[in-house]
>>> print(open('work_27.csv').read())   # CSV, C-alpha atoms
chain,number,residue,atom,x,y,z
A,9,MET,CA,22.5,-6.5,25.7
A,10,ILE,CA,24.6,-8.7,23.4
A,11,ALA,CA,21.6,-9.0,21.1
A,12,ALA,CA,21.2,-5.2,21.1
A,13,ALA,CA,24.9,-4.8,20.2
A,14,VAL,CA,24.7,-7.4,17.4
A,15,LEU,CA,21.6,-5.6,16.0
A,16,THR,CA,23.3,-2.2,16.2
A,17,GLY,CA,26.2,-3.6,14.2
A,18,TYR,CA,23.8,-5.1,11.6
A,19,CYS,CA,22.1,-1.6,11.3
A,20,ALA,CA,25.6,-0.1,10.7
A,21,VAL,CA,26.3,-2.6,7.9
A,22,VAL,CA,23.0,-2.1,6.2
A,23,GLY,CA,23.0,1.7,6.7
A,24,TRP,CA,26.6,2.5,6.0
A,25,VAL,CA,28.4,-0.4,4.2
A,26,ALA,CA,25.8,-1.8,1.9
A,27,PRO,CA,24.7,1.4,0.1
A,28,PRO,CA,28.1,2.2,-1.6
A,29,ALA,CA,28.4,-1.5,-2.7
A,30,LEU,CA,25.0,-1.5,-4.2
A,31,SER,CA,25.4,1.9,-5.8
A,32,ARG,CA,28.5,0.7,-7.6
A,33,ALA,CA,27.0,-2.5,-8.8
A,34,ARG,CA,26.7,-2.7,-12.6
A,35,TRP,CA,23.9,-5.2,-12.7
A,36,THR,CA,21.3,-2.8,-11.3
A,37,HIS,CA,20.7,-1.0,-14.7
A,38,ARG,CA,20.2,-4.4,-16.4
A,39,SER,CA,17.4,-5.3,-14.0
A,40,PRO,CA,16.0,-2.1,-12.4
A,41,ARG,CA,13.0,-3.9,-10.9
A,42,ALA,CA,15.2,-6.3,-9.0
A,43,ALA,CA,17.4,-3.5,-7.9
A,44,LEU,CA,14.4,-1.5,-6.6
A,45,ALA,CA,13.3,-4.6,-4.6
A,46,LEU,CA,16.7,-4.8,-3.0
A,47,TRP,CA,16.8,-1.1,-2.1
A,48,ARG,CA,13.3,-1.4,-0.5
A,49,ALA,CA,14.5,-4.6,1.4
A,50,LEU,CA,17.5,-2.7,2.8
A,51,MET,CA,15.3,0.1,4.0
A,52,LEU,CA,12.9,-2.4,5.6
A,53,THR,CA,15.6,-4.5,7.3
A,54,PHE,CA,17.2,-1.4,8.6
A,55,VAL,CA,14.0,-0.4,10.3
A,56,VAL,CA,13.3,-4.0,11.6
A,57,SER,CA,16.8,-4.3,13.0
A,58,LEU,CA,16.7,-0.9,14.6
A,59,ALA,CA,13.3,-1.6,16.2
A,60,MET,CA,14.6,-4.9,17.5
A,61,ALA,CA,17.8,-3.3,18.9
A,62,VAL,CA,15.6,-0.8,20.7
A,63,TYR,CA,13.5,-3.6,22.1
A,64,HIS,CA,16.5,-5.6,23.4
A,65,ALA,CA,18.1,-2.4,24.8
A,66,THR,CA,14.9,-1.5,26.7
A,67,ARG,CA,13.9,-5.0,27.7
A,68,SER,CA,17.3,-6.2,28.9
A,69,GLY,CA,17.5,-9.9,29.6
A,70,GLN,CA,14.3,-10.9,27.7
A,71,HIS,CA,14.5,-13.0,24.5
A,72,LEU,CA,12.4,-11.9,21.6
A,73,HIS,CA,10.2,-14.8,22.0
A,74,GLY,CA,9.0,-12.9,25.1
A,75,LEU,CA,7.6,-10.3,22.6
A,76,LEU,CA,5.9,-13.0,20.6
A,77,GLY,CA,4.5,-14.4,23.7
A,78,ALA,CA,3.3,-10.9,24.7
A,79,ILE,CA,1.3,-10.7,21.4
A,80,ASP,CA,-0.4,-14.0,22.3
A,81,ILE,CA,-1.1,-12.7,25.8
A,82,TRP,CA,-2.5,-9.4,24.4
A,83,LEU,CA,-4.8,-11.3,22.0
A,84,GLY,CA,-6.0,-13.6,24.7
A,85,ARG,CA,-4.3,-16.8,23.5
A,86,GLU,CA,-2.5,-17.4,26.8
A,87,ASP,CA,-3.9,-18.1,30.2
A,88,THR,CA,-3.2,-14.7,31.6
A,89,PRO,CA,-5.6,-12.6,33.8
A,90,PRO,CA,-7.2,-9.8,31.8
A,91,ALA,CA,-5.6,-7.2,34.1
A,92,GLU,CA,-2.1,-8.4,33.5
A,93,ARG,CA,-2.8,-8.9,29.8
A,94,GLY,CA,-3.6,-5.2,29.3
A,95,ALA,CA,-0.4,-4.1,30.9
A,96,GLU,CA,2.2,-6.6,29.7
A,97,GLY,CA,1.4,-6.7,26.0
A,98,PRO,CA,1.6,-3.0,25.3
A,99,GLY,CA,4.6,-2.6,27.5
A,100,LEU,CA,6.6,-5.1,25.4
A,101,LEU,CA,5.2,-3.9,22.1
A,102,LEU,CA,5.8,-0.2,22.8
A,103,PRO,CA,9.5,0.0,21.9
A,104,ILE,CA,9.0,-1.6,18.5
A,105,GLY,CA,5.8,0.3,17.8
A,106,VAL,CA,7.4,3.6,18.4
A,107,THR,CA,10.5,2.8,16.3
A,108,ALA,CA,8.4,1.6,13.4
A,109,ALA,CA,6.0,4.5,13.6
A,110,TRP,CA,8.8,7.0,13.0
A,111,PRO,CA,9.5,6.2,9.4
A,112,LEU,CA,5.9,5.4,8.7
A,113,GLY,CA,5.0,8.9,9.9
A,114,TRP,CA,7.5,10.5,7.5
A,115,PHE,CA,6.2,8.3,4.7
A,116,GLY,CA,2.6,9.6,5.3
A,117,ALA,CA,3.9,13.2,5.5
A,118,ALA,CA,5.7,12.8,2.1
A,119,LEU,CA,2.5,11.4,0.6
A,120,LEU,CA,0.4,14.3,1.9
A,121,ARG,CA,2.9,16.9,0.8
A,122,SER,CA,3.1,15.5,-2.7
A,123,ARG,CA,-0.7,15.3,-2.9
A,124,ARG,CA,-1.0,19.0,-2.0
A,125,HIS,CA,1.4,20.0,-4.7
A,126,ARG,CA,-0.4,17.8,-7.3
A,127,ARG,CA,-3.8,19.2,-6.4
A,128,ARG,CA,-2.5,22.7,-6.7
A,129,HIS,CA,-1.0,21.9,-10.1
A,130,LEU,CA,-4.2,20.1,-11.3
A,131,SER,CA,-6.3,23.1,-10.5
A,132,LEU,CA,-4.0,25.2,-12.7
A,133,LEU,CA,-4.2,22.6,-15.5
A,134,ASP,CA,-7.9,22.7,-15.4
A,135,LEU,CA,-7.7,26.3,-16.3
A,136,ALA,CA,-4.8,26.3,-18.8
A,137,ALA,CA,-4.8,22.9,-20.5
A,138,ARG,CA,-7.2,21.3,-23.0
A,139,PRO,CA,-8.0,17.6,-23.0
A,140,GLU,CA,-6.9,15.5,-26.0
A,141,PRO,CA,-9.0,12.3,-25.8
A,142,GLY,CA,-7.2,10.7,-28.7
A,143,LEU,CA,-3.9,10.8,-26.8
A,144,ARG,CA,-5.5,10.3,-23.4
A,145,ALA,CA,-3.6,13.4,-22.3
A,146,VAL,CA,-4.1,17.1,-21.7
A,147,ILE,CA,-2.3,19.7,-23.9
A,148,LEU,CA,-0.6,22.7,-22.4
A,149,GLU,CA,0.2,25.7,-24.7
A,150,HIS,CA,3.9,26.1,-24.5
A,151,GLU,CA,6.6,26.1,-27.1
A,152,THR,CA,9.2,24.1,-25.0
A,153,PRO,CA,8.8,20.4,-25.5
A,154,ALA,CA,7.9,18.7,-22.1
A,155,ALA,CA,6.0,15.6,-21.1
A,156,TYR,CA,5.1,14.5,-17.6
A,157,CYS,CA,2.4,12.8,-15.5
A,158,LEU,CA,0.6,13.6,-12.3
A,159,PRO,CA,-0.4,10.4,-10.4
A,160,GLY,CA,-3.1,10.1,-7.8
A,161,ARG,CA,-6.9,9.7,-7.8
A,162,HIS,CA,-7.3,11.7,-11.0
A,163,PRO,CA,-4.1,11.0,-12.9
A,164,ARG,CA,-3.1,13.1,-15.9
A,165,VAL,CA,-0.5,12.9,-18.7
A,166,VAL,CA,0.5,16.4,-19.7
A,167,LEU,CA,2.1,17.3,-23.0
A,168,THR,CA,3.0,20.7,-24.3
A,169,THR,CA,2.3,21.9,-27.8
A,170,GLY,CA,6.0,22.0,-28.3
A,171,THR,CA,6.2,18.3,-27.7
A,172,LEU,CA,3.5,17.6,-30.4
A,173,ASP,CA,5.5,19.7,-32.8
A,174,ALA,CA,8.9,18.2,-32.0
A,175,LEU,CA,8.2,14.5,-31.9
A,176,THR,CA,7.2,12.1,-34.6
A,177,PRO,CA,4.1,9.9,-34.0
A,178,GLU,CA,6.3,7.0,-33.0
A,179,GLN,CA,8.3,9.1,-30.6
A,180,LEU,CA,5.1,10.6,-29.1
A,181,HIS,CA,3.8,7.1,-28.6
A,182,ALA,CA,7.0,6.1,-26.7
A,183,VAL,CA,6.7,9.1,-24.4
A,184,LEU,CA,3.1,8.4,-23.7
A,185,GLU,CA,3.9,4.7,-22.9
A,186,HIS,CA,6.6,5.9,-20.5
A,187,GLU,CA,4.3,8.2,-18.6
A,188,ARG,CA,1.5,5.6,-18.4
A,189,ALA,CA,4.0,3.1,-17.0
A,190,HIS,CA,4.6,5.5,-14.1
A,191,LEU,CA,0.9,5.8,-13.5
A,192,ARG,CA,0.1,2.1,-13.7
A,193,GLY,CA,3.0,1.2,-11.5
A,194,ARG,CA,2.1,3.8,-8.9
A,195,HIS,CA,5.7,4.9,-8.9
A,196,HIS,CA,4.8,8.0,-6.8
A,197,LEU,CA,4.4,5.6,-3.8
A,198,SER,CA,7.9,4.3,-4.2
A,199,LEU,CA,9.2,7.8,-4.4
A,200,ALA,CA,7.3,8.8,-1.3
A,201,LEU,CA,8.6,5.8,0.6
A,202,ALA,CA,12.2,6.7,-0.3
A,203,GLU,CA,11.6,10.3,0.6
A,204,GLY,CA,10.0,9.4,3.9
A,205,PHE,CA,12.9,7.1,4.8
A,206,ALA,CA,15.4,9.8,3.9
A,207,ARG,CA,13.7,12.4,6.1
A,208,ALA,CA,13.3,9.9,9.0
A,209,PHE,CA,17.1,9.0,8.9
A,210,PRO,CA,18.8,12.0,7.3
A,211,GLY,CA,22.3,11.1,8.4
A,212,VAL,CA,22.3,7.6,7.2
A,213,PRO,CA,23.9,6.9,3.8
A,214,LEU,CA,21.3,4.3,3.0
A,215,ALA,CA,18.6,7.0,3.2
A,216,ARG,CA,20.4,9.3,0.7
A,217,ALA,CA,21.3,6.5,-1.7
A,218,ALA,CA,17.9,4.9,-1.7
A,219,ARG,CA,16.2,8.2,-2.5
A,220,ALA,CA,18.5,9.0,-5.4
A,221,HIS,CA,18.6,5.5,-6.9
A,222,THR,CA,14.9,4.9,-6.5
A,223,ALA,CA,14.2,7.9,-8.8
A,224,ASP,CA,16.7,6.7,-11.4
A,225,LEU,CA,15.5,3.1,-11.4
A,226,LEU,CA,11.9,4.0,-11.7
A,227,GLU,CA,12.7,5.9,-14.9
A,228,MET,CA,14.4,2.8,-16.2
A,229,VAL,CA,11.4,0.7,-15.3
A,230,ALA,CA,9.2,3.0,-17.2
A,231,ASP,CA,11.6,2.9,-20.2
A,232,ASP,CA,11.5,-0.9,-20.2
A,233,HIS,CA,7.7,-0.8,-20.3
A,234,ALA,CA,7.8,1.7,-23.2
A,235,LEU,CA,10.2,-0.6,-25.1
A,236,ARG,CA,7.5,-3.2,-25.4
A,237,SER,CA,5.9,-1.2,-28.1
A,238,CYS,CA,8.7,0.9,-29.6
A,239,THR,CA,12.4,0.7,-30.5
A,240,PRO,CA,15.2,1.9,-28.3
A,241,LYS,CA,16.2,4.5,-30.9
A,242,GLU,CA,12.6,5.9,-31.0
A,243,LEU,CA,12.5,6.1,-27.2
A,244,ALA,CA,16.0,7.6,-27.0
A,245,ALA,CA,15.0,10.3,-29.6
A,246,ALA,CA,11.8,11.0,-27.7
A,247,ILE,CA,13.7,11.4,-24.4
A,248,CYS,CA,16.1,13.8,-26.1
A,249,GLY,CA,13.2,15.8,-27.5
A,250,VAL,CA,11.6,16.5,-24.1
A,251,ALA,CA,14.8,16.6,-22.0
A,252,ALA,CA,14.9,20.4,-21.8
A,253,GLY,CA,11.3,20.8,-20.5
A,254,GLY,CA,10.7,21.8,-16.9
A,255,VAL,CA,8.2,19.8,-14.8
A,256,PRO,CA,6.5,20.3,-11.5
A,257,GLN,CA,8.2,19.1,-8.3
A,258,THR,CA,5.9,16.1,-7.8
A,259,ALA,CA,5.6,15.0,-11.4
A,260,LEU,CA,7.2,12.0,-13.1
A,261,ALA,CA,8.7,13.0,-16.4
A,262,ALA,CA,10.2,11.3,-19.5
A,263,GLY,CA,13.1,13.8,-19.3
A,264,GLY,CA,14.9,14.8,-16.2
A,265,PRO,CA,18.3,14.6,-14.7
A,266,THR,CA,18.9,11.0,-15.5
A,267,VAL,CA,18.6,11.5,-19.3
A,268,LEU,CA,22.3,10.8,-20.1
A,269,LEU,CA,22.4,7.6,-18.1
A,270,ARG,CA,19.2,6.3,-19.6
A,271,LEU,CA,20.3,7.2,-23.2
A,272,LYS,CA,23.5,5.2,-22.7
A,273,ARG,CA,21.5,2.3,-21.4
A,274,LEU,CA,19.0,2.4,-24.3
A,275,LEU,CA,21.7,2.7,-27.1
A,276,ARG,CA,23.9,-0.1,-25.8
A,277,PRO,CA,23.1,-3.8,-26.6
A,278,ARG,CA,20.5,-5.0,-24.2
A,279,ILE,CA,21.8,-7.8,-21.9
A,280,GLY,CA,19.4,-8.7,-19.2
A,281,LEU,CA,20.4,-10.1,-15.9
A,282,HIS,CA,20.7,-13.9,-15.8
A,283,PRO,CA,17.5,-15.5,-14.4
A,284,VAL,CA,19.6,-17.2,-11.7
A,285,ALA,CA,21.2,-14.0,-10.6
A,286,ARG,CA,17.8,-12.2,-10.7
A,287,GLY,CA,16.3,-14.9,-8.6
A,288,ALA,CA,19.1,-14.7,-6.1
A,289,VAL,CA,18.6,-10.9,-5.8
A,290,LEU,CA,14.9,-11.3,-5.2
A,291,LEU,CA,15.5,-14.1,-2.7
A,292,LEU,CA,17.8,-11.8,-0.8
A,293,ALA,CA,15.3,-9.0,-0.9
A,294,LEU,CA,12.6,-11.3,0.5
A,295,THR,CA,14.8,-12.7,3.3
A,296,ALA,CA,16.7,-9.6,4.3
A,297,PRO,CA,14.0,-8.2,6.6
A,298,LEU,CA,13.9,-11.6,8.5
A,299,LEU,CA,17.6,-11.8,9.1
A,300,PRO,CA,17.7,-9.7,12.2
A,301,TYR,CA,15.3,-12.1,14.0
A,302,PHE,CA,17.0,-15.3,13.0
A,303,VAL,CA,20.5,-13.9,13.7
A,304,THR,CA,19.8,-12.7,17.2
A,305,CYS,CA,16.8,-14.6,18.4
A,306,GLY,CA,15.7,-17.6,16.4
A,307,PRO,CA,12.7,-19.7,17.3
A,308,THR,CA,11.3,-19.9,20.7
A,309,PRO,CA,13.0,-22.6,22.8
A,310,GLY,CA,10.9,-25.7,23.5
>>> encode(input="work_27.csv", output="structure tokens")
Amino acid sequence: MIAAAVLTGYCAVVGWVAPPALSRARWTHRSPRAALALWRALMLTFVVSLAMAVYHATRSGQHLHGLLGAIDIWLGREDTPPAERGAEGPGLLLPIGVTAAWPLGWFGAALLRSRRHRRRHLSLLDLAARPEPGLRAVILEHETPAAYCLPGRHPRVVLTTGTLDALTPEQLHAVLEHERAHLRGRHHLSLALAEGFARAFPGVPLARAARAHTADLLEMVADDHALRSCTPKELAAAICGVAAGGVPQTALAAGGPTVLLRLKRLLRPRIGLHPVARGAVLLLALTAPLLPYFVTCGPTPG
């Protein structure tokens, strides 16, 4: 039970203490990819530590190497009669499996829900929009400037005629590169992951913060990709040009609620995160999911 208490405390730190600290960190906007990796690592280590806490609470007195041994037994790597193998392995694996399946189920539900919304919107676009092969986009007749993309099996970049009228060719190129970055990076999966985690653990500050910051950081990642082929001023002007346009619920747009934050970031001198600091963040993101095991269990005794 001591291990269960330690893991519960670790869950509390990750779920309640870490999110405000990371939310206030100033470096995250300088390296949005590293910040995204750290938010994902916090979500993963929260689930891992929660699953292990449930395991220790339900299998009182058994060290986690008992679970690892059960996996070997279940796979037939230990000298255990088949009758015992079938009962012991699933019995030990069940607490962790159920705990892990809870957020995974919500992640799948978020993916299915967004897919239904996209398919409904795509069917409307097929009727109302016209393809523009030169831009690799579809054009929707509407005077309000707006630009967004719909990811999935048949991705689309959608522009309104108001966007074509309002933006210069350079600004239009910046908007298109921003939207294509969303599609190439499959950013809808990251959004669904954060949404599923938030629905699985609605009372946990980490869930709310991860969902909000994931959306902001993904927009910054797409901005950084667009800046490879345009200037910050061109991209900032393009974002302002399409900021007022409404977009579907499941779309990823160049405008949106983070416009002011992104404009400040684009118009300030660009100072990237130091490589050593970025490496330390990525190392922490890689090791965080393993910390619950090493803190409470460690390797199997010889």
>>> closest_residue(input="work_27.csv", among="A:Ala234, A:Leu167, A:Leu225, A:Cys157", to="Leu260 in chain A", atoms="all atoms listed in the file")
A:Cys157
>>> residues_around(input="work_27.csv", residues="range 29-32 of chain A", least_positions_apart="4", cutoff="10 Å", atoms="all atoms listed in the file", output="mmCIF file with C-alpha atoms, in the frame of the given file")
data_model
loop_
_atom_site.group_PDB
_atom_site.id
_atom_site.type_symbol
_atom_site.label_atom_id
_atom_site.label_comp_id
_atom_site.auth_asym_id
_atom_site.auth_seq_id
_atom_site.Cartn_x
_atom_site.Cartn_y
_atom_site.Cartn_z
ATOM 1 C CA TRP A 24 26.600 2.500 6.000
ATOM 2 C CA VAL A 25 28.400 -0.400 4.200
ATOM 3 C CA THR A 36 21.300 -2.800 -11.300
ATOM 4 C CA ALA A 43 17.400 -3.500 -7.900
ATOM 5 C CA LEU A 46 16.700 -4.800 -3.000
ATOM 6 C CA TRP A 47 16.800 -1.100 -2.100
ATOM 7 C CA LEU A 214 21.300 4.300 3.000
ATOM 8 C CA ALA A 217 21.300 6.500 -1.700
ATOM 9 C CA ALA A 218 17.900 4.900 -1.700
ATOM 10 C CA ALA A 220 18.500 9.000 -5.400
ATOM 11 C CA HIS A 221 18.600 5.500 -6.900
#
>>> residues_around(input="work_27.csv", residues="Leu235 in chain A", least_positions_apart="4", cutoff="9 Å", atoms="all atoms listed in the file", output="PyMOL selection string")
chain A and resi 182+185-186+230-231+239-240+243
>>> atom_distance(input="work_27.csv", atom1="CA of Glu149 in chain A", atom2="CA of His190 in chain A")
23.2 Å
>>> closest_residue(input="work_27.csv", among="A:Gly193, A:Pro153, A:Pro163, A:Pro40", to="Ala262 in chain A", atoms="all atoms listed in the file")
A:Pro153
>>> atom_distance(input="work_27.csv", atom1="CA of Phe54 in chain A", atom2="CA of Val284 in chain A")
25.8 Å
>>> closest_residue(input="work_27.csv", among="A:Val166, A:Leu15, A:Met9, A:Ala155", to="Ala137 in chain A", atoms="only C-alpha atoms")
A:Val166
>>> atom_distance(input="work_27.csv", atom1="CA of Ala49 in chain A", atom2="CA of Cys19 in chain A")
12.8 Å
>>> closest_residue(input="work_27.csv", among="A:Leu269, A:Val229, A:Ala154, A:Ala202", to="Arg216 in chain A", atoms="all atoms listed in the file")
A:Ala202
>>> residues_around(input="work_27.csv", residues="Arg164 in chain A", least_positions_apart="5", cutoff="9 Å", atoms="only C-alpha atoms", output="PyMOL selection string")
chain A and resi 130+144-146+156-159+191
>>> closest_residue(input="work_27.csv", among="A:Arg270, A:Arg124, A:His282, A:His181", to="Arg236 in chain A", atoms="all atoms listed in the file")
A:His181
>>> residues_near_point(input="work_27.csv", point="(10.0, 8.1, 7.1)", cutoff="7 Å", atoms="all atoms listed in the file", output="list of chain:residue names")
A:Trp110, A:Pro111, A:Leu112, A:Gly113, A:Trp114, A:Phe115, A:Gly204, A:Phe205, A:Ala206, A:Arg207, A:Ala208
>>> closest_residue(input="work_27.csv", among="A:Ala296, A:Leu132, A:Ile247, A:Ala200", to="Ala117 in chain A", atoms="all atoms listed in the file")
A:Ala200
>>> residues_around(input="work_27.csv", residues="His125 in chain A", least_positions_apart="3", cutoff="10 Å", atoms="only C-alpha atoms", output="ChimeraX atom specification")
/A:120-122,128-130,158,256-259
>>> residues_around(input="work_27.csv", residues="Ser198 in chain A", least_positions_apart="6", cutoff="9 Å", atoms="only C-alpha atoms", output="list in words")
Arg48, Thr222, Ala223 and Leu226 of chain A
>>> residues_near_point(input="work_27.csv", point="(14.3, -1.9, 12.5)", cutoff="12 Å", atoms="only C-alpha atoms", output="ChimeraX atom specification")
/A:12,15-16,18-20,22-23,49-64,103-112,205,209,296-301
>>> decode(input="work_27.csv", residues="range 30-45 of chain A", atoms="N, CA, C and O atoms", output="PDB file, in the first residue's frame")
ATOM      1  N   LEU A  30       3.751  24.813 -15.850  1.00  0.00           N
ATOM      2  CA  LEU A  30       4.043  24.770 -17.286  1.00  0.00           C
ATOM      3  C   LEU A  30       3.243  25.828 -18.042  1.00  0.00           C
ATOM      4  O   LEU A  30       3.728  26.390 -19.023  1.00  0.00           O
ATOM      5  N   SER A  31       2.028  26.115 -17.582  1.00  0.00           N
ATOM      6  CA  SER A  31       1.217  27.146 -18.240  1.00  0.00           C
ATOM      7  C   SER A  31       1.863  28.525 -18.130  1.00  0.00           C
ATOM      8  O   SER A  31       1.730  29.356 -19.039  1.00  0.00           O
ATOM      9  N   ARG A  32       2.551  28.784 -17.016  1.00  0.00           N
ATOM     10  CA  ARG A  32       3.184  30.092 -16.825  1.00  0.00           C
ATOM     11  C   ARG A  32       4.570  30.180 -17.467  1.00  0.00           C
ATOM     12  O   ARG A  32       5.128  31.278 -17.559  1.00  0.00           O
ATOM     13  N   ALA A  33       5.114  29.079 -17.895  1.00  0.00           N
ATOM     14  CA  ALA A  33       6.476  29.082 -18.449  1.00  0.00           C
ATOM     15  C   ALA A  33       6.537  29.927 -19.718  1.00  0.00           C
ATOM     16  O   ALA A  33       5.668  29.831 -20.593  1.00  0.00           O
ATOM     17  N   ARG A  34       7.556  30.758 -19.824  1.00  0.00           N
ATOM     18  CA  ARG A  34       7.691  31.648 -20.977  1.00  0.00           C
ATOM     19  C   ARG A  34       8.367  30.981 -22.174  1.00  0.00           C
ATOM     20  O   ARG A  34       8.239  31.459 -23.297  1.00  0.00           O
ATOM     21  N   TRP A  35       9.087  29.899 -21.933  1.00  0.00           N
ATOM     22  CA  TRP A  35       9.836  29.277 -23.021  1.00  0.00           C
ATOM     23  C   TRP A  35       8.939  28.511 -23.986  1.00  0.00           C
ATOM     24  O   TRP A  35       9.357  28.204 -25.115  1.00  0.00           O
ATOM     25  N   THR A  36       7.722  28.167 -23.586  1.00  0.00           N
ATOM     26  CA  THR A  36       6.885  27.296 -24.403  1.00  0.00           C
ATOM     27  C   THR A  36       6.571  27.907 -25.768  1.00  0.00           C
ATOM     28  O   THR A  36       6.485  27.186 -26.761  1.00  0.00           O
ATOM     29  N   HIS A  37       6.405  29.224 -25.834  1.00  0.00           N
ATOM     30  CA  HIS A  37       6.113  29.865 -27.115  1.00  0.00           C
ATOM     31  C   HIS A  37       7.351  29.963 -27.992  1.00  0.00           C
ATOM     32  O   HIS A  37       7.225  30.152 -29.212  1.00  0.00           O
ATOM     33  N   ARG A  38       8.520  29.844 -27.399  1.00  0.00           N
ATOM     34  CA  ARG A  38       9.759  29.869 -28.177  1.00  0.00           C
ATOM     35  C   ARG A  38      10.032  28.509 -28.804  1.00  0.00           C
ATOM     36  O   ARG A  38      10.727  28.416 -29.816  1.00  0.00           O
ATOM     37  N   SER A  39       9.528  27.456 -28.214  1.00  0.00           N
ATOM     38  CA  SER A  39       9.710  26.111 -28.749  1.00  0.00           C
ATOM     39  C   SER A  39       8.412  25.322 -28.574  1.00  0.00           C
ATOM     40  O   SER A  39       8.292  24.483 -27.694  1.00  0.00           O
ATOM     41  N   PRO A  40       7.410  25.606 -29.424  1.00  0.00           N
ATOM     42  CA  PRO A  40       6.107  24.959 -29.242  1.00  0.00           C
ATOM     43  C   PRO A  40       6.140  23.445 -29.418  1.00  0.00           C
ATOM     44  O   PRO A  40       5.370  22.733 -28.777  1.00  0.00           O
ATOM     45  N   ARG A  41       7.032  22.946 -30.264  1.00  0.00           N
ATOM     46  CA  ARG A  41       7.107  21.486 -30.442  1.00  0.00           C
ATOM     47  C   ARG A  41       7.561  20.801 -29.149  1.00  0.00           C
ATOM     48  O   ARG A  41       7.007  19.771 -28.757  1.00  0.00           O
ATOM     49  N   ALA A  42       8.589  21.356 -28.511  1.00  0.00           N
ATOM     50  CA  ALA A  42       9.056  20.782 -27.259  1.00  0.00           C
ATOM     51  C   ALA A  42       7.982  20.888 -26.180  1.00  0.00           C
ATOM     52  O   ALA A  42       7.794  19.966 -25.373  1.00  0.00           O
ATOM     53  N   ALA A  43       7.267  22.010 -26.153  1.00  0.00           N
ATOM     54  CA  ALA A  43       6.199  22.169 -25.164  1.00  0.00           C
ATOM     55  C   ALA A  43       5.082  21.156 -25.396  1.00  0.00           C
ATOM     56  O   ALA A  43       4.539  20.585 -24.436  1.00  0.00           O
ATOM     57  N   LEU A  44       4.737  20.917 -26.652  1.00  0.00           N
ATOM     58  CA  LEU A  44       3.719  19.904 -26.956  1.00  0.00           C
ATOM     59  C   LEU A  44       4.159  18.527 -26.482  1.00  0.00           C
ATOM     60  O   LEU A  44       3.359  17.765 -25.914  1.00  0.00           O
ATOM     61  N   ALA A  45       5.432  18.207 -26.724  1.00  0.00           N
ATOM     62  CA  ALA A  45       5.950  16.909 -26.278  1.00  0.00           C
ATOM     63  C   ALA A  45       5.844  16.773 -24.762  1.00  0.00           C
ATOM     64  O   ALA A  45       5.507  15.694 -24.244  1.00  0.00           O
TER      65      ALA A  45
END
